[in-house]
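A.B. asks: Okay, so here is data.txt, and as you'll see once you scroll down, it has compact mmCIF, C-alpha atoms.
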```txt
# COMPACT_ATOMS: atom_id res chain seq x y z
CA MET A 82 9.12 8.00 18.44
CA ARG A 83 10.96 8.66 15.21
CA GLU A 84 10.48 11.83 13.25
CA HIS A 85 7.33 12.09 11.15
CA HIS A 86 8.02 12.84 7.50
CA GLY A 87 4.55 12.64 6.02
CA ASP A 88 2.76 10.13 3.85
CA HIS A 89 2.76 9.71 0.10
CA LEU A 90 -0.74 9.61 -1.31
CA SER A 91 -1.12 9.03 -5.02
CA LEU A 92 -3.86 8.87 -7.59
CA PRO A 93 -3.49 8.21 -11.32
CA LEU A 94 -3.31 11.45 -13.30
CA SER A 95 -5.64 12.26 -16.14
CA HIS A 96 -3.92 13.03 -19.44
CA ALA A 97 -4.92 16.68 -19.18
CA ALA A 98 -3.55 16.99 -15.66
CA GLU A 99 -0.24 15.41 -16.67
CA ARG A 100 0.17 17.82 -19.59
CA ARG A 101 -0.66 20.77 -17.33
CA ILE A 102 2.00 19.65 -14.86
CA LEU A 103 4.56 19.22 -17.63
CA ALA A 104 3.80 22.74 -18.86
CA ASP A 105 4.68 24.19 -15.45
CA GLU A 106 8.32 25.31 -15.73
CA SER A 107 8.78 25.07 -11.96
CA ILE A 108 8.40 21.28 -12.09
CA ASP A 109 11.09 18.89 -13.26
CA PRO A 110 9.47 16.75 -16.01
CA SER A 111 11.58 13.76 -14.98
CA TRP A 112 9.45 13.52 -11.84
CA ILE A 113 6.47 12.57 -14.00
CA HIS A 114 8.38 9.94 -15.98
CA ALA A 115 9.94 8.46 -12.86
CA VAL A 116 6.67 7.96 -11.10
CA GLY A 117 4.51 6.84 -14.00
CA ASP A 118 0.92 7.89 -13.34
CA SER A 119 1.18 8.93 -9.70
CA MET A 120 0.77 12.24 -7.96
CA LYS A 121 1.43 13.54 -4.49
CA SER A 122 -1.45 14.76 -2.35
CA GLY A 123 -1.50 18.20 -0.80
CA SER A 124 -0.22 19.86 -3.98
CA ARG A 125 -2.20 21.26 -6.86
CA LEU A 126 0.48 20.83 -9.49
CA VAL A 127 3.42 18.82 -8.14
CA ALA A 128 3.11 15.24 -9.31
CA VAL A 129 5.01 13.53 -6.58
CA GLY A 130 7.56 14.08 -3.80
CA ILE A 131 11.20 13.06 -4.07
CA ALA A 132 10.82 10.03 -1.84
CA ALA A 133 7.96 8.61 -3.87
CA VAL A 134 9.83 9.18 -7.13
CA THR A 135 12.60 6.85 -6.07
CA ILE A 136 10.17 4.15 -5.00
CA LEU A 137 7.11 3.99 -7.18
CA SER A 138 8.52 3.47 -10.66
CA ALA A 139 5.87 1.28 -12.23
CA SER A 140 8.38 -0.98 -13.94
CA PHE A 141 9.70 -2.16 -10.59
CA LEU A 142 6.40 -2.90 -8.88
CA ALA A 143 5.97 -6.65 -8.58
CA ALA A 144 2.80 -8.40 -7.52
CA SER A 145 3.41 -11.12 -4.96
CA PRO A 146 1.60 -14.26 -3.86
CA ALA A 147 -0.75 -13.96 -0.93
CA GLN A 148 0.29 -16.92 1.22
CA ALA A 149 1.73 -15.96 4.61
CA ALA A 150 5.29 -16.82 5.61
CA PRO A 151 5.63 -18.85 8.81
CA PRO A 152 5.44 -16.61 11.88
CA THR A 153 8.41 -18.48 13.33
CA VAL A 154 10.72 -16.76 10.83
CA PRO A 155 12.46 -14.01 12.84
CA ALA A 156 11.68 -10.48 11.70
CA LEU A 157 11.88 -6.82 12.60
CA GLU A 158 8.44 -5.54 13.57
CA LEU A 159 7.45 -2.15 12.13
CA PRO A 160 4.09 -0.37 12.45
CA ALA A 161 1.68 -0.51 9.54
CA GLY A 162 0.00 2.52 11.07
CA ILE A 163 -3.45 3.84 10.37
CA SER A 164 -5.02 5.36 7.28
CA GLY A 165 -4.95 9.10 6.68
CA ASP A 166 -6.36 11.51 4.12
CA TYR A 167 -7.33 9.38 1.16
CA SER A 168 -7.95 10.04 -2.52
CA TYR A 169 -10.58 8.33 -4.61
CA PHE A 170 -11.54 7.62 -8.21
CA LEU A 171 -15.19 7.08 -9.22
CA GLU A 172 -16.05 5.53 -12.59
CA TYR A 173 -19.40 5.64 -14.35
CA GLY A 174 -20.81 4.28 -17.57
CA ALA A 175 -20.10 1.24 -19.72
CA VAL A 176 -20.78 0.01 -23.23
CA SER A 177 -22.67 -2.90 -21.68
CA PRO A 178 -25.06 -3.57 -20.13
CA ALA A 179 -27.33 -1.05 -21.81
CA SER A 180 -28.58 0.14 -18.42
CA ARG A 181 -25.16 1.65 -17.76
CA GLN A 182 -24.73 3.41 -21.09
CA ILE A 183 -24.28 7.20 -21.09
CA PRO A 184 -25.00 8.61 -24.57
CA ILE A 185 -22.95 11.10 -26.60
CA GLY A 186 -23.34 11.84 -30.29
CA PRO A 187 -22.58 14.22 -33.17
CA ALA A 188 -25.34 16.54 -31.99
CA THR A 189 -23.91 16.80 -28.46
CA THR A 190 -22.45 20.27 -27.96
CA ALA A 191 -22.33 20.55 -24.16
CA LEU A 192 -21.76 18.37 -21.14
CA GLN A 193 -23.28 19.56 -17.87
CA ILE A 194 -20.90 18.28 -15.20
CA TYR A 195 -22.01 17.88 -11.60
CA PRO A 196 -18.85 16.50 -9.94
CA PRO A 197 -19.45 13.72 -7.36
CA PHE A 198 -17.00 15.56 -5.10
CA TYR A 199 -16.41 19.11 -3.89
CA PRO A 200 -13.88 20.88 -6.17
CA GLN A 201 -12.37 23.10 -3.50
CA TYR A 202 -9.56 24.71 -5.49
CA GLU A 203 -9.92 23.58 -9.10
CA LEU A 204 -11.62 21.31 -11.58
CA ASP A 205 -9.62 19.85 -14.47
CA CYS A 206 -11.59 17.95 -17.13
CA SER A 207 -10.83 16.39 -20.49
CA LEU A 208 -12.76 14.57 -23.20
CA GLU A 209 -10.81 11.64 -24.65
CA ASP A 210 -11.46 9.27 -27.52
CA ALA A 211 -11.21 5.47 -27.40
CA GLY A 212 -7.44 5.62 -27.92
CA GLY A 213 -6.90 8.06 -25.05
CA ALA A 214 -6.26 11.09 -27.28
CA VAL A 215 -7.61 14.32 -25.82
CA VAL A 216 -10.40 15.77 -27.95
CA ALA A 217 -11.08 18.77 -25.71
CA GLU A 218 -10.27 19.99 -22.22
CA ARG A 219 -11.42 22.61 -19.75
CA TYR A 220 -9.88 23.93 -16.54
CA TRP A 221 -11.82 25.83 -13.88
CA ASP A 222 -9.67 27.76 -11.38
CA GLU A 223 -10.32 28.50 -7.71
CA ASP A 224 -12.60 31.44 -8.43
CA GLU A 225 -14.59 29.60 -11.09
CA VAL A 226 -15.25 26.49 -9.00
CA ARG A 227 -16.96 28.65 -6.39
CA GLN A 228 -19.85 29.03 -8.80
CA PRO A 229 -22.66 26.50 -8.41
CA ALA A 230 -22.75 23.44 -10.65
CA PRO A 231 -23.19 22.49 -13.41
CA PHE A 232 -19.81 23.17 -14.95
CA VAL A 233 -20.47 23.37 -18.67
CA PHE A 234 -17.95 21.59 -20.88
CA VAL A 235 -18.20 22.56 -24.56
CA VAL A 236 -17.86 19.70 -27.05
CA PRO A 237 -16.17 20.93 -30.26
CA ALA A 238 -18.14 20.58 -33.47
CA GLY A 239 -17.25 17.39 -35.31
CA ALA A 240 -15.45 15.90 -32.30
CA ILE A 241 -17.85 12.97 -31.95
CA THR A 242 -18.04 10.56 -34.86
CA VAL A 243 -20.37 7.68 -35.70
CA PRO A 244 -19.26 4.95 -35.52
CA GLY A 245 -16.68 5.64 -32.86
CA GLY A 246 -16.05 5.70 -29.18
CA PRO A 247 -16.46 4.98 -26.47
CA TYR A 248 -15.45 8.45 -25.27
CA THR A 249 -14.37 9.28 -21.74
CA VAL A 250 -14.83 12.44 -19.73
CA ASP A 251 -12.18 12.58 -17.00
CA CYS A 252 -12.34 15.17 -14.20
CA MET A 253 -9.96 15.74 -11.30
CA SER A 254 -9.70 18.08 -8.34
CA ARG A 255 -6.64 18.35 -6.09
CA SER A 256 -6.44 19.79 -2.58
CA GLU A 257 -5.28 18.08 0.62
CA SER A 258 -6.34 14.89 -1.12
CA THR A 259 -7.33 14.12 -4.69
CA ALA A 260 -10.72 13.33 -6.15
CA ARG A 261 -11.25 12.04 -9.67
CA ALA A 262 -14.25 10.88 -11.65
CA ALA A 263 -14.60 9.48 -15.16
CA TRP A 264 -17.65 8.84 -17.31
CA THR A 265 -17.47 6.34 -20.19
CA MET A 266 -19.85 7.54 -22.91
CA THR A 267 -21.29 5.38 -25.68
CA VAL A 268 -21.78 6.86 -29.15
CA ASP A 269 -25.46 7.22 -29.99
CA ALA A 270 -26.61 9.05 -33.11
CA ALA A 271 -29.76 10.08 -31.23
CA ALA A 272 -27.90 11.55 -28.23
CA PRO A 273 -29.18 15.00 -27.18
CA ALA A 274 -27.34 18.31 -27.55
CA SER A 275 -26.77 18.53 -23.80
CA VAL A 276 -25.83 15.56 -21.61
CA VAL A 277 -25.74 15.58 -17.81
CA LEU A 278 -22.79 13.89 -16.06
CA ASN A 279 -23.27 13.39 -12.33
CA HIS A 280 -23.23 10.82 -9.55
CA ALA A 281 -25.73 8.32 -10.89
CA PRO A 282 -25.57 5.19 -8.68
CA GLU A 283 -27.15 3.03 -11.38
CA LYS A 284 -24.33 3.99 -13.77
CA GLU A 285 -21.42 3.59 -11.34
CA THR A 286 -19.05 0.74 -12.23
CA ARG A 287 -16.07 1.10 -9.88
CA GLU A 288 -14.99 2.96 -6.75
CA THR A 289 -11.25 3.07 -6.07
CA GLN A 290 -9.87 4.46 -2.83
CA TYR A 291 -6.17 5.31 -2.45
CA ASP A 292 -5.30 5.25 1.22
CA PRO A 293 -1.86 6.00 2.74
CA LEU A 294 -0.78 4.35 5.98
CA ASN A 295 1.25 6.48 8.38
CA GLY A 296 3.30 3.61 9.80
CA GLY A 297 6.13 4.29 7.37
CA SER A 298 6.52 7.75 8.86
CA LEU A 299 6.67 6.29 12.36
CA ALA A 300 9.35 3.84 11.20
CA TRP A 301 11.37 6.51 9.39
CA GLU A 302 15.14 5.81 9.47
CA THR A 303 14.80 2.55 11.37
CA PRO A 304 18.08 0.58 11.09
CA VAL A 305 17.75 -2.55 8.93
CA SER A 306 20.15 -5.17 7.65
CA LEU A 307 20.08 -6.48 4.08
CA GLY A 308 18.58 -9.96 4.05
CA GLU A 309 16.43 -9.12 7.07
CA ARG A 310 12.69 -9.82 7.17
CA LEU A 311 10.25 -7.04 8.04
CA ARG A 312 6.71 -7.38 9.33
CA LEU A 313 4.46 -4.35 8.91
CA ARG A 314 1.86 -4.95 11.59
CA GLY A 315 -1.38 -3.15 12.33
CA GLU A 316 -4.98 -3.77 13.26
CA VAL A 317 -7.00 -6.59 11.71
CA GLY A 318 -8.00 -5.57 8.19
CA ILE A 319 -5.56 -2.68 7.94
CA TRP A 320 -4.09 -4.03 4.69
CA PHE A 321 -7.29 -5.36 3.12
CA PRO A 322 -10.88 -5.95 4.26
CA ALA A 323 -12.38 -9.35 4.90
CA GLY A 324 -13.97 -11.00 1.90
CA SER A 325 -11.79 -9.28 -0.68
CA THR A 326 -9.23 -10.64 -3.10
CA TYR A 327 -5.91 -8.83 -3.05
CA THR A 328 -2.48 -8.45 -4.58
CA LEU A 329 0.68 -7.28 -2.83
CA THR A 330 3.16 -4.99 -4.54
CA THR A 331 6.56 -3.85 -3.30
CA ALA A 332 9.44 -1.72 -4.55
CA ILE A 333 12.85 -0.87 -3.12
CA SER A 334 15.30 1.84 -4.16
CA VAL A 335 18.76 2.87 -3.01
CA LEU A 336 18.52 6.52 -1.95
CA ASP A 337 21.08 9.20 -2.78
CA ASP A 338 21.09 11.93 -0.14
CA GLU A 339 23.27 14.21 -2.27
CA THR A 340 20.88 14.36 -5.20
CA GLY A 341 17.66 13.62 -3.35
CA GLY A 342 16.89 10.84 -5.82
CA GLY A 343 17.60 7.15 -5.93
CA THR A 344 18.08 4.03 -8.01
CA ALA A 345 15.38 1.39 -8.28
CA ALA A 346 16.55 -1.94 -6.86
CA GLY A 347 13.59 -4.17 -7.64
CA PRO A 348 10.90 -5.67 -5.41
CA ALA A 349 11.22 -7.23 -1.98
CA ALA A 350 11.42 -11.00 -1.60
CA ASP A 351 8.99 -13.45 0.01
CA VAL A 352 6.15 -10.92 0.21
CA SER A 353 3.09 -12.27 2.00
CA ALA A 354 0.21 -11.29 4.24
CA THR A 355 -1.80 -12.90 7.00
CA ALA A 356 -5.37 -13.96 6.28
CA ALA A 357 -6.61 -11.41 8.81
CA GLY A 358 -5.02 -8.57 6.85
CA ASP A 359 -3.11 -7.28 9.88
CA VAL A 360 0.45 -8.12 8.81
CA LEU A 361 2.32 -7.69 5.56
CA GLY A 362 5.73 -9.36 5.56
CA LEU A 363 8.65 -8.89 3.21
CA THR A 364 12.36 -9.69 3.05
CA LEU A 365 15.01 -7.17 2.00
CA PRO A 366 17.13 -8.97 -0.62
CA ALA A 367 20.77 -9.32 0.38
CA SER A 368 21.66 -8.36 -3.20
CA ILE A 369 20.44 -4.76 -2.85
CA PRO A 370 23.40 -2.54 -3.88
CA ALA A 371 23.38 -0.50 -0.68
CA GLU A 372 26.27 -0.01 1.73
CA PRO A 373 26.11 0.28 5.53
CA GLY A 374 25.53 3.91 6.38
CA GLY A 375 23.33 4.40 3.34
CA ALA A 376 19.55 4.43 3.08
CA ILE A 377 16.89 2.60 1.11
CA GLY A 378 13.29 3.44 0.36
CA VAL A 379 10.71 0.69 0.80
CA SER A 380 7.18 0.80 -0.59
CA ALA A 381 4.49 -1.79 0.10
CA ILE A 382 1.04 -1.69 -1.46
CA ALA A 383 -1.97 -3.94 -0.90
CA THR A 384 -4.68 -3.63 -3.55
CA SER A 385 -7.91 -5.39 -2.66
CA THR A 386 -11.06 -5.86 -4.69
CA VAL A 387 -14.65 -6.66 -3.83
CA PRO A 388 -16.44 -7.58 -7.08
CA GLY A 389 -19.41 -5.58 -8.24
CA THR A 390 -22.58 -6.69 -9.95
CA SER A 391 -24.66 -5.41 -12.83
CA THR A 392 -26.20 -2.93 -10.40
CA THR A 393 -23.43 -2.27 -7.85
CA PRO A 394 -19.91 -0.95 -8.41
CA GLU A 395 -16.71 -2.89 -7.91
CA GLN A 396 -14.91 -1.74 -4.74
CA VAL A 397 -11.13 -1.32 -4.96
CA LEU A 398 -8.96 -0.29 -2.00
CA GLU A 399 -5.27 0.52 -2.29
CA ARG A 400 -3.39 0.76 1.01
CA ARG A 401 0.15 2.13 0.65
CA TRP A 402 3.13 2.19 3.05
CA TYR A 403 6.44 3.94 2.42
CA SER A 404 9.51 4.51 4.59
CA ARG A 405 13.15 5.49 4.44
CA LEU A 406 15.26 2.90 6.26
CA LEU A 407 18.93 3.05 7.24
CA VAL A 408 21.22 0.21 6.18
CA VAL A 409 23.43 -1.12 8.98
CA GLU A 410 25.28 -4.30 9.89
CA LYS A 411 23.50 -6.07 12.75
CA ALA A 412 25.04 -8.67 15.01
CA ALA A 413 23.74 -12.23 14.73
CA THR A 414 22.08 -13.93 17.71
CA GLN A 415 21.35 -17.48 18.78
CA THR A 416 18.16 -18.54 20.53
CA SER A 417 17.97 -21.76 22.51
CA LEU A 418 14.98 -23.51 24.05
CA ARG A 419 14.61 -26.12 26.76
CA LEU A 420 11.33 -27.54 28.07
CA ASP A 421 11.21 -28.47 31.75
CA ARG A 422 9.35 -31.65 30.74
CA THR A 423 8.84 -33.47 27.46
CA VAL A 424 5.98 -35.66 28.70
CA ALA A 425 3.02 -34.47 30.75
CA LEU A 426 0.15 -36.48 32.15
CA SER A 427 -2.53 -34.01 31.10
CA GLY A 428 -3.09 -30.49 29.89
CA ARG A 429 -3.42 -29.41 33.50
CA THR A 430 0.26 -30.11 34.03
CA THR A 431 2.38 -26.97 33.85
CA VAL A 432 4.99 -26.95 31.09
CA ARG A 433 7.61 -24.21 31.11
CA ALA A 434 9.81 -23.11 28.24
CA HIS A 435 13.28 -21.93 29.27
CA VAL A 436 14.59 -19.62 26.57
CA ALA A 437 17.99 -18.00 26.19
CA VAL A 438 19.30 -15.45 23.69
CA THR A 439 23.02 -15.13 23.05
CA ALA A 440 24.64 -12.14 21.36
CA PRO A 441 28.31 -11.50 20.57
CA ALA A 442 30.44 -10.31 23.46
CA GLY A 443 29.80 -6.70 24.32
CA GLU A 444 26.48 -6.52 22.47
CA PRO A 445 23.56 -5.59 24.73
CA VAL A 446 20.41 -7.65 24.34
CA ALA A 447 17.06 -5.94 24.70
CA GLY A 448 14.05 -7.39 22.97
CA THR A 449 11.25 -9.93 23.02
CA VAL A 450 11.14 -13.70 22.75
CA THR A 451 7.92 -15.27 21.50
CA VAL A 452 7.19 -18.95 22.13
CA PHE A 453 5.17 -20.72 19.44
CA VAL A 454 3.24 -23.93 20.01
CA ASP A 455 2.28 -25.70 16.78
CA GLY A 456 2.98 -22.48 14.87
CA LYS A 457 0.76 -20.29 17.06
CA ALA A 458 2.15 -17.56 19.32
CA SER A 459 1.51 -18.80 22.85
CA GLY A 460 3.52 -16.54 25.13
CA GLN A 461 6.13 -13.80 25.25
CA ALA A 462 8.93 -12.69 27.51
CA ALA A 463 11.09 -9.58 27.50
CA VAL A 464 14.83 -10.21 27.67
CA SER A 465 17.45 -7.67 28.63
CA GLY A 466 21.13 -7.85 29.50
CA SER A 467 24.38 -8.68 27.74
CA GLY A 468 26.01 -11.87 26.53
CA THR A 469 23.43 -14.60 27.18
CA VAL A 470 20.12 -13.59 28.70
CA ALA A 471 17.41 -16.02 29.77
CA SER A 472 13.73 -16.04 30.61
CA VAL A 473 10.91 -18.49 31.27
CA VAL A 474 7.56 -18.69 29.49
CA ARG A 475 4.71 -20.80 30.82
CA LEU A 476 2.93 -22.67 28.05
CA PRO A 477 -0.86 -22.58 27.82
CA ARG A 478 -2.96 -25.66 28.60
CA LEU A 479 -2.36 -28.18 25.83
CA LYS A 480 -4.60 -30.88 24.41
CA ARG A 481 -3.72 -34.55 24.22
CA GLY A 482 -1.05 -35.35 21.64
CA VAL A 483 2.41 -34.24 20.58
CA HIS A 484 3.08 -30.53 20.26
CA SER A 485 5.96 -28.70 18.58
CA VAL A 486 7.47 -25.75 20.46
CA VAL A 487 9.94 -23.13 19.16
CA ALA A 488 11.19 -19.82 20.53
CA VAL A 489 11.80 -16.77 18.32
CA PHE A 490 13.82 -13.69 19.24
CA GLY A 491 12.64 -10.74 17.16
CA SER A 492 15.10 -8.47 15.40
CA THR A 493 16.02 -5.13 17.00
CA ASP A 494 17.80 -2.01 15.79
CA THR A 495 21.18 -3.64 16.49
CA LEU A 496 20.56 -7.41 16.52
CA LEU A 497 19.25 -9.90 13.99
CA GLY A 498 16.49 -12.19 15.20
CA SER A 499 16.88 -15.93 15.53
CA THR A 500 14.78 -19.07 15.96
CA SER A 501 15.51 -21.97 18.28
CA ALA A 502 15.52 -25.61 17.36
CA SER A 503 12.10 -27.21 17.70
CA LYS A 504 11.27 -29.17 20.85
CA SER A 505 8.37 -31.55 21.44
CA VAL A 506 6.12 -32.18 24.39
CA ARG A 507 3.66 -35.10 24.62
CA ILE A 508 0.41 -34.76 26.55
CA LEU A 509 -0.87 -38.21 27.54
CA LEU A 510 -4.45 -37.49 28.60
```
Just give me the structure as structure tokens.

C.D. replies:
Amino acid sequence: MREHHGDHLSLPLSHAAERRILADESIDPSWIHAVGDSMKSGSRLVAVGIAAVTILSASFLAASPAQAAPPTVPALELPAGISGDYSYFLEYGAVSPASRQIPIGPATTALQIYPPFYPQYELDCSLEDAGGAVVAERYWDEDEVRQPAPFVFVVPAGAITVPGGPYTVDCMSRSESTARAAWTMTVDAAAPASVVLNHAPEKETRETQYDPLNGGSLAWETPVSLGERLRLRGEVGIWFPAGSTYTLTTAISVLDDETGGGTAAGPAADVSATAAGDVLGLTLPASIPAEPGGAIGVSAIATSTVPGTSTTPEQVLERRWYSRLLVVEKAATQTSLRLDRTVALSGRTTVRAHVAVTAPAGEPVAGTVTVFVDGKASGQAAVSGSGTVASVVRLPRLKRGVHSVVAVFGSTDTLLGSTSASKSVRILL
């Protein structure tokens, strides 16, 4: 197993939190600008770790189409992993419908905040106008958050104008993970002097969960070749739940070990996912300006959405994978396929696929060949040796008709995968 280097969990920063981070002289402000609105979990003030800075520049994140690439395209299999400590963002209130309005007005002088999460170490809140400008802010430290709720937020005199708004109260707490809540407040001249902000299910409009996958840590420093396809494979639904709509986002950067930073190199190519949500595939562009012996950072994000209703919140899930991969030159292979028969009387007749993988002289072969029938994986065989290595895979019982068979050798740390020419078998009865 490769060394574990931790996951990168991010949650959009509130404006107040970003300013507080920028005011901390121990933090390089360029980290904030490089990462956009992201922050690293497990830290109260550090916005993001070095690895995430080089990867998650918002300008280089590209949404990709959802259709899956053919499974017969050879690829290097890497683990998607499982989810870890997640962060979340809860949103309440809306201008419409009226049932979701939360009032605030010129007479409002205090907001009684009952956070919908446990503020273990801190609570950082701000009041913002419709343009995002901060009207007021309040920070409760570790000692103060030990006091029972509500946390009283004072609204400055004259801060709320009619007409105006909507206004937003944005609160965040950071510990091992990050919790954030925001209340959209509608201006109402009749709003009371004190308004309660809490977890009101009837007012909730959206729940967003930011969930890191640990597979990137398990794949840390895996050798890859530019132009190679990667498949990040996990359990069914690991990338997105059934019934959701989703977008796929990727980013690649060329890492600089001397400075600890990197240069953004754009998104991956041919990004796709299986309908079951268990595999996200991407291709490393051959044009990436990285040399053998160097390293690249690869980020893959699946953002899925289950629509809400007038009474239930929209559900958003962001699953994120990041890894540092080593750039190498891999040897090309050739995969050949021969069927022991091309015509069979019935599906009861045994049909065997004879597969062979050839690598350049002196290159050891150790990997897996998968046989596909009509595009569906139908058998595997391990191959090991040097030069040309062979194996036999027995095909499953086939129905009447003509079937297409191909063999695929998956990429390894030293060899590029390859796909055989297609062969056909006809079942008569």

A.B. asks: Residues at most 10 Å from Ser177 (chain A), counting all atoms listed in the file, excluding those fewer than 3 positions away in the same chain, as a PDB file with C-alpha atoms, in the coordinates of the input?

C.D. replies:
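Saved file around14.pdb follows:
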```pdb
ATOM      1  CA  GLY A 174     -20.810   4.280 -17.570  1.00  0.00           C
ATOM      2  CA  SER A 180     -28.580   0.140 -18.420  1.00  0.00           C
ATOM      3  CA  ARG A 181     -25.160   1.650 -17.760  1.00  0.00           C
ATOM      4  CA  GLN A 182     -24.730   3.410 -21.090  1.00  0.00           C
ATOM      5  CA  THR A 267     -21.290   5.380 -25.680  1.00  0.00           C
ATOM      6  CA  SER A 391     -24.660  -5.410 -12.830  1.00  0.00           C
TER       7      SER A 391
END
```

A.B. asks: Can you pull out every residue within 8 Å of Ser417 (chain A), counting only C-alpha atoms, but drop anything in the same chain fewer than 6 positions away, and send it as a tab-separated table (two decimals) with C-alpha atoms, in the frame of the given file?

C.D. replies:
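around_3.tsv written:
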```tsv
chain	number	residue	atom	x	y	z
A	436	VAL	CA	14.59	-19.62	26.57
A	437	ALA	CA	17.99	-18.00	26.19
A	438	VAL	CA	19.30	-15.45	23.69
A	488	ALA	CA	11.19	-19.82	20.53
A	500	THR	CA	14.78	-19.07	15.96
A	501	SER	CA	15.51	-21.97	18.28
A	502	ALA	CA	15.52	-25.61	17.36
```

A.B. asks: Counting all atoms listed in the file, which residues sit no farther than 7 Å from the position (-16.2, 2.1, -7.4) in the file's frame? I'd like them as a list of chain:residue names.

C.D. replies: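 Nearby residues: A:Leu171, A:Glu172, A:Glu285, A:Thr286, A:Arg287, A:Glu288, A:Thr289, A:Pro394, A:Glu395, A:Gln396, A:Val397.
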
A.B. asks: Identify, on the basis of only C-alpha atoms, every residue whose closest approach to Leu294 (chain A) does not exceed 12 Å; exclude the query and any residue fewer than 5 positions from it along the same chain; express the result as a PyMOL selection string.

C.D. replies: chain A and resi 87-91+160-167+299-300+313-316+319-320+380-383+399-404

A.B. asks: What gap, in Å, lies between CA of Ala471 (chain A) and CA of Leu418 (chain A)?

C.D. replies: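 So the two atoms, CA of Ala471 (chain A) and CA of Leu418 (chain A), lie 9.7 Å apart.
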
A.B. asks: With 6 Å as the threshold, what does the neighbourhood of (4.5, -7.8, 7.6) contain in terms of residues, counting only C-alpha atoms? Coordinates are those of the file; answer as a short mmCIF file (atom, residue, chain, number, x, y, z; two decimals) with C-alpha atoms, keeping the file's coordinate frame.

C.D. replies:
```cif
data_model
loop_
_atom_site.label_atom_id
_atom_site.label_comp_id
_atom_site.auth_asym_id
_atom_site.auth_seq_id
_atom_site.Cartn_x
_atom_site.Cartn_y
_atom_site.Cartn_z
CA LEU A 311 10.25 -7.04 8.04
CA ARG A 312 6.71 -7.38 9.33
CA LEU A 313 4.46 -4.35 8.91
CA ARG A 314 1.86 -4.95 11.59
CA VAL A 360 0.45 -8.12 8.81
CA LEU A 361 2.32 -7.69 5.56
CA GLY A 362 5.73 -9.36 5.56
#
```

A.B. asks: Expressed in Å to a single decimal, how great is the separation between CA of Thr423 (chain A) and CA of Ser505 (chain A)?

C.D. replies: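 Computing it gives 6.3 Å between the two atoms.
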
A.B. asks: Report the distance between CA of Ala413 (chain A) and CA of Asp359 (chain A) in Å, rounded to one decimal place.

C.D. replies: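 Spanning CA of Ala413 (chain A) to CA of Asp359 (chain A) is a straight-line distance of 27.7 Å.
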
A.B. asks: Counting only C-alpha atoms, what is within 9 Å of region 475-477 of chain A, bar same-chain residues fewer than 6 positions away, as a list in words?

C.D. replies: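 Listing them by chain and then by number gives Gly428, Thr431, Val432, Arg433, Ala434, His435, Val452, Val454, Ser459 and Gly460 of chain A.
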
A.B. asks: Let me make sure I understand: among A:Leu426, A:Ala458, A:Leu420, A:Val450, which one has the smallest atom-to-atom distance to Leu510 (chain A) if we use only C-alpha atoms?

C.D. replies: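 Answer, going by the shortest atom-to-atom distance: A:Leu426.
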
A.B. asks: Near Pro304 (chain A), counting all atoms listed in the file, which residues have an atom at most 12 Å away, once you skip same-chain residues fewer than 4 positions from it, shown as a list in words?

C.D. replies: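 The neighbour list is Arg83, Leu157, Glu158, Leu159, Ala300, Glu309, Leu311, Pro373, Gly374, Gly375, Ala376, Ile377, Ser404, Arg405, Leu406, Leu407, Val408, Val409, Glu410, Lys411, Ser492, Thr493, Asp494, Thr495, Leu496 and Leu497 of chain A.
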
A.B. asks: Of the residues A:Ala356, A:Ala179, A:Val446, A:Val215, which is the one nearest to Phe321 (chain A), using only C-alpha atoms?

C.D. replies: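 Answer, going by the shortest atom-to-atom distance: A:Ala356.
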
A.B. asks: Rank A:Gly213, A:Pro293, A:Pro388, A:Gly343 by their smallest atom-to-atom distance to Ala371 (chain A), using only C-alpha atoms, and report the top residue only.

C.D. replies: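 The shortest atom-to-atom distance to Ala371 (chain A) comes from A:Gly343.
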
A.B. asks: Just checking: using all atoms listed in the file, which residue out of A:Thr390, A:Thr242, A:Ser467, A:Thr265 ends up closest to Gly186 (chain A)?

C.D. replies: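 Looking at the shortest contact to Gly186 (chain A), the residue is A:Thr242.
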
A.B. asks: Would you mind telling me which residue in A:Val464, A:Leu363, A:Val506, A:Val335 lies nearest to Asp351 (chain A) when using all atoms listed in the file?

C.D. replies: A:Leu363

A.B. asks: Between A:Thr430, A:Gly468, A:Thr249, A:Thr355, which one has atoms that come closest to Pro445 (chain A), using all atoms listed in the file?

C.D. replies: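 With all atoms listed in the file as the atom set, the closest residue is A:Gly468.
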